[in-house]
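S.K.: Dumping the structure here so I can ask a few things about it.
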Amino acid sequence: MRIGILALQGAFAEHEKMLSCIGVSSFEIRQRKKLEQSFDGLIIPGGESTVQGKLLRELNLFDPLKEQILSGLPVFGTCAGLLLLAKEIKNDNRVHFAVMNITAVRNAYGRQLGSFYTESEFKNIGKIPMTFIRAPYIESVHGNTEILASVDGKIVAAKEGNMLVTAFHPELNNDLSVHKYFIKMVKEHKGIHI
Ligand code: GLN
């Protein structure tokens, strides 16, 4: 199994470390030619969604990746990655892949609470550490989207089919459970029973 990590900008190296801790190999996607090899899942890291969206388009990665996500490639978006996947962003008129039935709010915690740490329940995992950095939250979910975690009444993690998103950064703490959760989705997609 190999996971592609979008490495245009932001916190991609931390995801690589998390995957290597659970024995999963990964490679960085920076150029279109990297998409010639096959891979089993995609991680879109935190960073700046407008910058990543612009680079994805400029480097011609946007259409092929969107196509793969729509055909069922498991994808995990953290923070800016969540915004790239959302069909609607409440306070931004630009959307990007727009494949997941969620309405997100960008930089939703304002200046005071720009960054914070908490511990909260994640469905089927339990209490986990959650680090938020100028994070979005999910205002509402639609279609078949399942809510996986909420903090103070705001949705911060969700799943719809092959797509998993978190508003927080699981790659910035030592807890591997959300990455394991994603790898389980990838294995199920590949038909590996665990
Ligand atoms: N504020 C960033 C954005 O709007 C997201 C922050 C993050 O990924 N940590 O894209």
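By convention here, the chains of the structure tokens are called A, B, ... in the order presented, each chain's residues are numbered starting at 1, and ligands are numbered starting at 1 in the order presented.
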Pick out the residues sitting within 8 Å of Arg134 (chain A), and hand them over as an mmCIF file with N, CA and C atoms, in the first residue's frame; count only C-alpha atoms, and ignore anything fewer than 6 positions along from it in its own chain.

M.R.:
data_model
loop_
_atom_site.group_PDB
_atom_site.id
_atom_site.type_symbol
_atom_site.label_atom_id
_atom_site.label_comp_id
_atom_site.auth_asym_id
_atom_site.auth_seq_id
_atom_site.Cartn_x
_atom_site.Cartn_y
_atom_site.Cartn_z
ATOM 1 N N ASN A 107 -11.317 30.042 8.647
ATOM 2 C CA ASN A 107 -10.768 30.836 9.765
ATOM 3 C C ASN A 107 -11.874 31.114 10.790
ATOM 4 N N ALA A 108 -12.551 30.039 11.158
ATOM 5 C CA ALA A 108 -13.840 30.185 11.831
ATOM 6 C C ALA A 108 -13.734 30.564 13.298
ATOM 7 N N TYR A 109 -12.542 30.461 13.858
ATOM 8 C CA TYR A 109 -12.435 30.711 15.290
ATOM 9 C C TYR A 109 -11.971 32.117 15.629
ATOM 10 N N GLY A 110 -11.824 32.948 14.611
ATOM 11 C CA GLY A 110 -11.487 34.348 14.866
ATOM 12 C C GLY A 110 -10.076 34.533 15.392
ATOM 13 N N LEU A 113 -9.125 33.045 19.258
ATOM 14 C CA LEU A 113 -8.978 31.603 19.377
ATOM 15 C C LEU A 113 -8.339 31.020 18.125
ATOM 16 N N GLY A 114 -7.485 31.803 17.491
ATOM 17 C CA GLY A 114 -6.855 31.376 16.251
ATOM 18 C C GLY A 114 -6.269 29.978 16.339
ATOM 19 N N SER A 115 -5.576 29.692 17.435
ATOM 20 C CA SER A 115 -4.982 28.377 17.619
ATOM 21 C C SER A 115 -5.291 27.886 19.028
#

S.K.: Neighbouring residues of ligand 1 are defined here as those with any atom at most 7 Å from a ligand atom, counting only C-alpha atoms and all ligand atoms; list them as a PyMOL selection string.

M.R.: chain A and resi 46-50+78-81+83+106-107+132-136

S.K.: Create the file for the chosen residues now, containing C-alpha atoms and written as an mmCIF file, in the first residue's frame.

M.R.:
data_model
loop_
_atom_site.group_PDB
_atom_site.id
_atom_site.type_symbol
_atom_site.label_atom_id
_atom_site.label_comp_id
_atom_site.auth_asym_id
_atom_site.auth_seq_id
_atom_site.Cartn_x
_atom_site.Cartn_y
_atom_site.Cartn_z
ATOM 1 C CA GLY A 46 -3.143 21.746 6.346
ATOM 2 C CA GLY A 47 -1.659 25.011 5.178
ATOM 3 C CA GLU A 48 -3.348 27.696 3.161
ATOM 4 C CA SER A 49 -6.244 26.505 1.031
ATOM 5 C CA THR A 50 -6.097 29.402 -1.442
ATOM 6 C CA THR A 78 -6.828 18.125 7.307
ATOM 7 C CA CYS A 79 -7.698 21.766 7.916
ATOM 8 C CA ALA A 80 -6.922 23.488 4.581
ATOM 9 C CA GLY A 81 -7.453 20.010 3.075
ATOM 10 C CA LEU A 83 -11.579 23.395 2.758
ATOM 11 C CA ARG A 106 -12.946 29.414 6.947
ATOM 12 C CA ASN A 107 -10.768 30.836 9.765
ATOM 13 C CA PHE A 132 -6.463 23.685 15.814
ATOM 14 C CA ILE A 133 -4.513 26.307 13.830
ATOM 15 C CA ARG A 134 -6.575 29.075 12.218
ATOM 16 C CA ALA A 135 -8.968 26.272 11.596
ATOM 17 C CA PRO A 136 -12.219 26.005 9.750
#

S.K.: Please report, as JSON, numbers by chain, each residue of region 13-170 of chain A to which DSSP assigns alpha helix (DSSP H) when run on this structure's backbone.

M.R.: {"A": [13, 14, 15, 16, 17, 18, 19, 20, 21, 49, 50, 51, 52, 53, 54, 55, 56, 57, 58, 62, 63, 64, 65, 66, 67, 68, 69, 70, 80, 81, 82, 83, 84, 85]}

S.K.: Can you list, as an mmCIF file with N, CA, C and O atoms, in the first residue's frame, every residue of region 1-192 of chain A that DSSP puts in strand (DSSP E)?

M.R.:
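Result went into selection.cif, see below:
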data_model
loop_
_atom_site.group_PDB
_atom_site.id
_atom_site.type_symbol
_atom_site.label_atom_id
_atom_site.label_comp_id
_atom_site.auth_asym_id
_atom_site.auth_seq_id
_atom_site.Cartn_x
_atom_site.Cartn_y
_atom_site.Cartn_z
ATOM 1 N N ARG A 2 0.458 2.232 -0.790
ATOM 2 C CA ARG A 2 1.198 3.513 -0.832
ATOM 3 C C ARG A 2 0.223 4.677 -0.822
ATOM 4 O O ARG A 2 -0.779 4.662 -1.535
ATOM 5 N N ILE A 3 0.555 5.669 -0.029
ATOM 6 C CA ILE A 3 -0.300 6.837 0.082
ATOM 7 C C ILE A 3 0.426 8.040 -0.534
ATOM 8 O O ILE A 3 1.598 8.286 -0.237
ATOM 9 N N GLY A 4 -0.261 8.762 -1.387
ATOM 10 C CA GLY A 4 0.287 10.007 -1.938
ATOM 11 C C GLY A 4 -0.062 11.158 -1.009
ATOM 12 O O GLY A 4 -1.196 11.257 -0.535
ATOM 13 N N ILE A 5 0.920 11.993 -0.727
ATOM 14 C CA ILE A 5 0.663 13.156 0.133
ATOM 15 C C ILE A 5 0.896 14.413 -0.698
ATOM 16 O O ILE A 5 1.999 14.617 -1.227
ATOM 17 N N LEU A 6 -0.120 15.215 -0.834
ATOM 18 C CA LEU A 6 0.019 16.453 -1.581
ATOM 19 C C LEU A 6 1.039 17.330 -0.853
ATOM 20 O O LEU A 6 0.877 17.623 0.331
ATOM 21 N N SER A 25 3.921 3.167 3.637
ATOM 22 C CA SER A 25 4.824 4.002 2.843
ATOM 23 C C SER A 25 4.033 5.081 2.098
ATOM 24 O O SER A 25 2.852 4.918 1.786
ATOM 25 N N SER A 26 4.720 6.181 1.847
ATOM 26 C CA SER A 26 4.057 7.316 1.208
ATOM 27 C C SER A 26 5.051 8.008 0.281
ATOM 28 O O SER A 26 6.249 7.753 0.337
ATOM 29 N N PHE A 27 4.544 8.850 -0.576
ATOM 30 C CA PHE A 27 5.409 9.665 -1.432
ATOM 31 C C PHE A 27 4.757 11.035 -1.592
ATOM 32 O O PHE A 27 3.549 11.191 -1.404
ATOM 33 N N GLU A 28 5.598 12.019 -1.931
ATOM 34 C CA GLU A 28 5.104 13.391 -2.038
ATOM 35 C C GLU A 28 4.644 13.680 -3.462
ATOM 36 O O GLU A 28 5.333 13.340 -4.425
ATOM 37 N N ILE A 29 3.502 14.325 -3.562
ATOM 38 C CA ILE A 29 3.007 14.733 -4.881
ATOM 39 C C ILE A 29 3.259 16.227 -5.036
ATOM 40 O O ILE A 29 2.680 17.046 -4.328
ATOM 41 N N GLY A 41 -4.305 5.920 -1.681
ATOM 42 C CA GLY A 41 -5.011 6.918 -0.891
ATOM 43 C C GLY A 41 -4.262 8.235 -1.010
ATOM 44 O O GLY A 41 -3.095 8.258 -1.427
ATOM 45 N N LEU A 42 -4.954 9.318 -0.671
ATOM 46 C CA LEU A 42 -4.368 10.654 -0.820
ATOM 47 C C LEU A 42 -4.582 11.440 0.473
ATOM 48 O O LEU A 42 -5.672 11.400 1.051
ATOM 49 N N ILE A 43 -3.529 12.142 0.911
ATOM 50 C CA ILE A 43 -3.675 13.054 2.050
ATOM 51 C C ILE A 43 -3.475 14.481 1.549
ATOM 52 O O ILE A 43 -2.517 14.778 0.825
ATOM 53 N N ILE A 44 -4.412 15.348 1.907
ATOM 54 C CA ILE A 44 -4.283 16.782 1.597
ATOM 55 C C ILE A 44 -4.033 17.488 2.922
ATOM 56 O O ILE A 44 -4.886 17.486 3.807
ATOM 57 N N VAL A 75 -9.491 9.656 0.436
ATOM 58 C CA VAL A 75 -8.779 10.923 0.629
ATOM 59 C C VAL A 75 -9.022 11.423 2.048
ATOM 60 O O VAL A 75 -10.121 11.286 2.584
ATOM 61 N N PHE A 76 -7.957 11.974 2.629
ATOM 62 C CA PHE A 76 -8.013 12.503 3.996
ATOM 63 C C PHE A 76 -7.531 13.949 3.935
ATOM 64 O O PHE A 76 -6.384 14.208 3.580
ATOM 65 N N GLY A 77 -8.401 14.886 4.246
ATOM 66 C CA GLY A 77 -8.047 16.307 4.217
ATOM 67 C C GLY A 77 -8.025 16.875 5.620
ATOM 68 O O GLY A 77 -8.996 16.740 6.366
ATOM 69 N N THR A 78 -6.901 17.484 5.989
ATOM 70 C CA THR A 78 -6.828 18.125 7.307
ATOM 71 C C THR A 78 -6.806 19.635 7.122
ATOM 72 O O THR A 78 -6.021 20.164 6.342
ATOM 73 N N ALA A 86 -14.448 20.715 0.463
ATOM 74 C CA ALA A 86 -15.825 21.149 0.748
ATOM 75 C C ALA A 86 -16.557 21.649 -0.497
ATOM 76 O O ALA A 86 -15.989 22.363 -1.321
ATOM 77 N N LYS A 87 -17.849 21.271 -0.575
ATOM 78 C CA LYS A 87 -18.655 21.770 -1.697
ATOM 79 C C LYS A 87 -19.025 23.229 -1.494
ATOM 80 O O LYS A 87 -19.284 23.948 -2.436
ATOM 81 N N GLU A 88 -19.068 23.645 -0.223
ATOM 82 C CA GLU A 88 -19.419 25.040 0.028
ATOM 83 C C GLU A 88 -18.544 25.613 1.142
ATOM 84 O O GLU A 88 -18.323 24.953 2.169
ATOM 85 N N ILE A 89 -18.027 26.831 0.930
ATOM 86 C CA ILE A 89 -17.294 27.541 1.987
ATOM 87 C C ILE A 89 -18.063 28.827 2.249
ATOM 88 O O ILE A 89 -18.193 29.681 1.359
ATOM 89 N N MET A 100 -17.169 17.148 -1.470
ATOM 90 C CA MET A 100 -17.754 16.601 -0.241
ATOM 91 C C MET A 100 -18.924 17.454 0.236
ATOM 92 O O MET A 100 -18.843 18.694 0.250
ATOM 93 N N ASN A 101 -19.973 16.771 0.643
ATOM 94 C CA ASN A 101 -21.209 17.454 1.041
ATOM 95 C C ASN A 101 -21.129 18.076 2.434
ATOM 96 O O ASN A 101 -21.805 17.642 3.368
ATOM 97 N N ILE A 102 -20.270 19.068 2.542
ATOM 98 C CA ILE A 102 -20.170 19.815 3.803
ATOM 99 C C ILE A 102 -20.148 21.305 3.484
ATOM 100 O O ILE A 102 -19.672 21.718 2.418
ATOM 101 N N THR A 103 -20.660 22.088 4.425
ATOM 102 C CA THR A 103 -20.521 23.541 4.343
ATOM 103 C C THR A 103 -19.529 23.940 5.427
ATOM 104 O O THR A 103 -19.760 23.696 6.614
ATOM 105 N N ALA A 104 -18.396 24.510 4.995
ATOM 106 C CA ALA A 104 -17.330 24.859 5.939
ATOM 107 C C ALA A 104 -17.287 26.369 6.144
ATOM 108 O O ALA A 104 -17.739 27.142 5.297
ATOM 109 N N VAL A 105 -16.739 26.760 7.280
ATOM 110 C CA VAL A 105 -16.489 28.180 7.544
ATOM 111 C C VAL A 105 -14.983 28.323 7.714
ATOM 112 O O VAL A 105 -14.371 27.622 8.531
ATOM 113 N N SER A 115 -5.576 29.692 17.435
ATOM 114 C CA SER A 115 -4.982 28.377 17.619
ATOM 115 C C SER A 115 -5.291 27.886 19.028
ATOM 116 O O SER A 115 -5.186 28.663 19.973
ATOM 117 N N PHE A 116 -5.660 26.642 19.146
ATOM 118 C CA PHE A 116 -5.907 26.085 20.473
ATOM 119 C C PHE A 116 -5.820 24.567 20.447
ATOM 120 O O PHE A 116 -5.853 23.948 19.386
ATOM 121 N N TYR A 117 -5.691 24.030 21.656
ATOM 122 C CA TYR A 117 -5.573 22.577 21.814
ATOM 123 C C TYR A 117 -6.712 22.096 22.697
ATOM 124 O O TYR A 117 -7.064 22.754 23.681
ATOM 125 N N THR A 118 -7.273 20.972 22.374
ATOM 126 C CA THR A 118 -8.268 20.380 23.251
ATOM 127 C C THR A 118 -8.226 18.855 23.090
ATOM 128 O O THR A 118 -7.479 18.331 22.262
ATOM 129 N N GLU A 119 -8.990 18.193 23.926
ATOM 130 C CA GLU A 119 -9.130 16.737 23.766
ATOM 131 C C GLU A 119 -10.607 16.457 23.697
ATOM 132 O O GLU A 119 -11.375 16.999 24.485
ATOM 133 N N SER A 120 -11.006 15.656 22.731
ATOM 134 C CA SER A 120 -12.433 15.429 22.564
ATOM 135 C C SER A 120 -12.687 14.061 21.929
ATOM 136 O O SER A 120 -11.768 13.431 21.402
ATOM 137 N N GLU A 121 -13.936 13.642 22.005
ATOM 138 C CA GLU A 121 -14.343 12.331 21.479
ATOM 139 C C GLU A 121 -14.357 12.316 19.960
ATOM 140 O O GLU A 121 -14.846 13.252 19.318
ATOM 141 N N PHE A 122 -13.852 11.231 19.396
ATOM 142 C CA PHE A 122 -13.929 10.986 17.955
ATOM 143 C C PHE A 122 -14.660 9.668 17.809
ATOM 144 O O PHE A 122 -14.295 8.672 18.442
ATOM 145 N N GLY A 126 -12.597 7.274 20.443
ATOM 146 C CA GLY A 126 -12.532 7.708 21.841
ATOM 147 C C GLY A 126 -11.958 9.103 21.917
ATOM 148 O O GLY A 126 -11.914 9.823 20.909
ATOM 149 N N LYS A 127 -11.481 9.458 23.112
ATOM 150 C CA LYS A 127 -10.964 10.815 23.308
ATOM 151 C C LYS A 127 -9.575 10.944 22.686
ATOM 152 O O LYS A 127 -8.692 10.129 22.967
ATOM 153 N N ILE A 128 -9.377 11.957 21.856
ATOM 154 C CA ILE A 128 -8.070 12.144 21.209
ATOM 155 C C ILE A 128 -7.632 13.611 21.306
ATOM 156 O O ILE A 128 -8.460 14.503 21.442
ATOM 157 N N PRO A 129 -6.310 13.854 21.190
ATOM 158 C CA PRO A 129 -5.834 15.239 21.182
ATOM 159 C C PRO A 129 -6.197 15.934 19.869
ATOM 160 O O PRO A 129 -6.169 15.293 18.806
ATOM 161 N N MET A 130 -6.545 17.199 19.953
ATOM 162 C CA MET A 130 -6.907 17.950 18.738
ATOM 163 C C MET A 130 -6.246 19.319 18.775
ATOM 164 O O MET A 130 -6.498 20.113 19.674
ATOM 165 N N THR A 131 -5.382 19.587 17.797
ATOM 166 C CA THR A 131 -4.715 20.881 17.685
ATOM 167 C C THR A 131 -5.325 21.660 16.522
ATOM 168 O O THR A 131 -5.352 21.166 15.388
ATOM 169 N N PHE A 132 -5.815 22.842 16.827
ATOM 170 C CA PHE A 132 -6.463 23.685 15.814
ATOM 171 C C PHE A 132 -5.568 24.881 15.515
ATOM 172 O O PHE A 132 -5.094 25.558 16.426
ATOM 173 N N ILE A 133 -5.324 25.142 14.226
ATOM 174 C CA ILE A 133 -4.513 26.307 13.830
ATOM 175 C C ILE A 133 -5.275 27.096 12.769
ATOM 176 O O ILE A 133 -5.434 26.614 11.644
ATOM 177 N N TYR A 137 -14.350 25.264 10.682
ATOM 178 C CA TYR A 137 -15.195 24.186 11.188
ATOM 179 C C TYR A 137 -16.267 23.902 10.153
ATOM 180 O O TYR A 137 -16.374 24.631 9.149
ATOM 181 N N ILE A 138 -17.008 22.839 10.404
ATOM 182 C CA ILE A 138 -18.058 22.462 9.456
ATOM 183 C C ILE A 138 -19.371 22.950 10.035
ATOM 184 O O ILE A 138 -19.751 22.574 11.140
ATOM 185 N N GLU A 139 -20.011 23.822 9.301
ATOM 186 C CA GLU A 139 -21.266 24.379 9.799
ATOM 187 C C GLU A 139 -22.415 23.384 9.651
ATOM 188 O O GLU A 139 -23.261 23.271 10.530
ATOM 189 N N SER A 140 -22.430 22.666 8.541
ATOM 190 C CA SER A 140 -23.482 21.667 8.359
ATOM 191 C C SER A 140 -23.007 20.589 7.406
ATOM 192 O O SER A 140 -22.115 20.817 6.574
ATOM 193 N N VAL A 141 -23.571 19.404 7.557
ATOM 194 C CA VAL A 141 -23.241 18.295 6.652
ATOM 195 C C VAL A 141 -24.502 17.934 5.886
ATOM 196 O O VAL A 141 -25.608 18.132 6.362
ATOM 197 N N GLU A 146 -21.267 11.737 7.461
ATOM 198 C CA GLU A 146 -21.419 11.336 8.858
ATOM 199 C C GLU A 146 -20.537 12.233 9.728
ATOM 200 O O GLU A 146 -19.373 12.475 9.390
ATOM 201 N N ILE A 147 -21.093 12.709 10.833
ATOM 202 C CA ILE A 147 -20.311 13.542 11.755
ATOM 203 C C ILE A 147 -19.486 12.626 12.658
ATOM 204 O O ILE A 147 -20.019 11.685 13.244
ATOM 205 N N LEU A 148 -18.170 12.883 12.751
ATOM 206 C CA LEU A 148 -17.307 12.026 13.571
ATOM 207 C C LEU A 148 -16.859 12.701 14.861
ATOM 208 O O LEU A 148 -16.501 12.020 15.820
ATOM 209 N N ALA A 149 -16.830 14.030 14.864
ATOM 210 C CA ALA A 149 -16.417 14.726 16.089
ATOM 211 C C ALA A 149 -16.938 16.151 16.081
ATOM 212 O O ALA A 149 -17.043 16.788 15.023
ATOM 213 N N SER A 150 -17.275 16.619 17.279
ATOM 214 C CA SER A 150 -17.703 18.011 17.458
ATOM 215 C C SER A 150 -16.997 18.558 18.691
ATOM 216 O O SER A 150 -16.735 17.819 19.642
ATOM 217 N N VAL A 151 -16.691 19.851 18.650
ATOM 218 C CA VAL A 151 -16.098 20.528 19.808
ATOM 219 C C VAL A 151 -16.916 21.791 20.042
ATOM 220 O O VAL A 151 -17.092 22.592 19.114
ATOM 221 N N LYS A 154 -19.512 22.618 17.514
ATOM 222 C CA LYS A 154 -19.104 22.810 16.119
ATOM 223 C C LYS A 154 -18.535 21.497 15.585
ATOM 224 O O LYS A 154 -17.719 20.848 16.251
ATOM 225 N N ILE A 155 -18.931 21.140 14.361
ATOM 226 C CA ILE A 155 -18.448 19.877 13.775
ATOM 227 C C ILE A 155 -16.988 20.044 13.339
ATOM 228 O O ILE A 155 -16.659 20.993 12.611
ATOM 229 N N VAL A 156 -16.127 19.130 13.776
ATOM 230 C CA VAL A 156 -14.702 19.250 13.439
ATOM 231 C C VAL A 156 -14.138 18.024 12.723
ATOM 232 O O VAL A 156 -12.954 18.026 12.358
ATOM 233 N N ALA A 157 -14.950 16.994 12.519
ATOM 234 C CA ALA A 157 -14.492 15.856 11.725
ATOM 235 C C ALA A 157 -15.710 15.192 11.108
ATOM 236 O O ALA A 157 -16.771 15.114 11.727
ATOM 237 N N ALA A 158 -15.546 14.715 9.861
ATOM 238 C CA ALA A 158 -16.672 14.088 9.169
ATOM 239 C C ALA A 158 -16.155 13.135 8.108
ATOM 240 O O ALA A 158 -14.987 13.192 7.698
ATOM 241 N N LYS A 159 -17.059 12.253 7.687
ATOM 242 C CA LYS A 159 -16.707 11.264 6.657
ATOM 243 C C LYS A 159 -17.883 11.135 5.697
ATOM 244 O O LYS A 159 -19.031 11.094 6.130
ATOM 245 N N GLU A 160 -17.574 11.097 4.425
ATOM 246 C CA GLU A 160 -18.590 10.790 3.425
ATOM 247 C C GLU A 160 -17.967 9.831 2.425
ATOM 248 O O GLU A 160 -17.063 10.212 1.673
ATOM 249 N N MET A 163 -14.238 9.866 1.640
ATOM 250 C CA MET A 163 -13.611 11.130 2.059
ATOM 251 C C MET A 163 -13.675 11.338 3.571
ATOM 252 O O MET A 163 -14.742 11.208 4.166
ATOM 253 N N LEU A 164 -12.527 11.661 4.154
ATOM 254 C CA LEU A 164 -12.428 11.908 5.595
ATOM 255 C C LEU A 164 -11.829 13.303 5.773
ATOM 256 O O LEU A 164 -10.852 13.648 5.104
ATOM 257 N N VAL A 165 -12.411 14.096 6.653
ATOM 258 C CA VAL A 165 -11.831 15.425 6.910
ATOM 259 C C VAL A 165 -11.788 15.716 8.403
ATOM 260 O O VAL A 165 -12.666 15.301 9.159
ATOM 261 N N THR A 166 -10.742 16.450 8.799
ATOM 262 C CA THR A 166 -10.675 16.963 10.170
ATOM 263 C C THR A 166 -10.293 18.444 10.097
ATOM 264 O O THR A 166 -9.450 18.834 9.283
#

S.K.: Counting only C-alpha atoms, which residue out of A:Glu16, A:Leu172, A:Lys34, A:His189 sits closest to Ser71 (chain A)?

M.R.: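 Of A:Glu16, A:Leu172, A:Lys34, A:His189, the one nearest Ser71 (chain A) is A:His189, counting only C-alpha atoms.
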
S.K.: Closest to Glu58 (chain A) among A:Phe97, A:Leu8, A:Met18, A:Gly72, using only C-alpha atoms?

M.R.: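 Selected residue with least distance to Glu58 (chain A): A:Leu8.
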
S.K.: Any idea what the distance is between CA of Leu55 (chain A) and CA of Leu84 (chain A)?

M.R.: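 That distance, rounded to one decimal, is 12.1 Å.
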
S.K.: CA of Asn162 (chain A) and CA of Pro74 (chain A), how far apart in Å?

M.R.: 4.5 Å

S.K.: When you draw a straight line from CA of Glu188 (chain A) to CA of Thr145 (chain A), how long is it in Å?

M.R.: 17.8 Å

S.K.: Please identify all polymer residues within 10 Å of Ile22 (chain A), counting only C-alpha atoms, omitting same-chain residues fewer than 3 positions from it, and present them as a compact mmCIF listing (two decimals) with N, CA, C and O atoms, in the first residue's frame.

M.R.:
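Result written to result_15.txt:
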# COMPACT_ATOMS: atom_id res chain seq x y z
N LYS A 17 5.55 11.33 8.49
CA LYS A 17 6.07 10.73 9.73
C LYS A 17 5.02 9.86 10.39
O LYS A 17 5.31 8.75 10.85
N MET A 18 3.78 10.35 10.45
CA MET A 18 2.71 9.58 11.07
C MET A 18 2.54 8.25 10.34
O MET A 18 2.42 7.19 10.96
N LEU A 19 2.53 8.31 9.01
CA LEU A 19 2.33 7.07 8.24
C LEU A 19 3.50 6.12 8.45
O LEU A 19 3.31 4.92 8.59
N SER A 25 3.92 3.17 3.64
CA SER A 25 4.82 4.00 2.84
C SER A 25 4.03 5.08 2.10
O SER A 25 2.85 4.92 1.79
N LEU A 176 -1.79 8.31 16.93
CA LEU A 176 -1.83 7.82 15.54
C LEU A 176 -3.23 7.37 15.11
O LEU A 176 -3.42 6.88 14.00
N SER A 177 -4.22 7.53 16.00
CA SER A 177 -5.49 6.85 15.76
C SER A 177 -6.25 7.37 14.53
O SER A 177 -6.90 6.57 13.86
N HIS A 179 -4.95 8.59 11.75
CA HIS A 179 -4.26 8.04 10.58
C HIS A 179 -4.58 6.55 10.42
O HIS A 179 -4.78 6.07 9.30
N LYS A 180 -4.64 5.84 11.54
CA LYS A 180 -5.01 4.41 11.46
C LYS A 180 -6.43 4.27 10.93
O LYS A 180 -6.72 3.35 10.15
N ILE A 183 -6.24 4.67 7.24
CA ILE A 183 -5.64 3.50 6.59
C ILE A 183 -6.64 2.33 6.56
O ILE A 183 -6.68 1.55 5.61

S.K.: Between A:Met185, A:Leu56, A:Arg30, A:Gln68, which one has atoms that come closest to Phe12 (chain A), using only C-alpha atoms?

M.R.: A:Arg30

S.K.: Counting only C-alpha atoms, which residue out of A:Val99, A:Ala13, A:Leu82, A:Cys21 sits closest to Glu67 (chain A)?

M.R.: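 The closest residue to Glu67 (chain A) is A:Val99.
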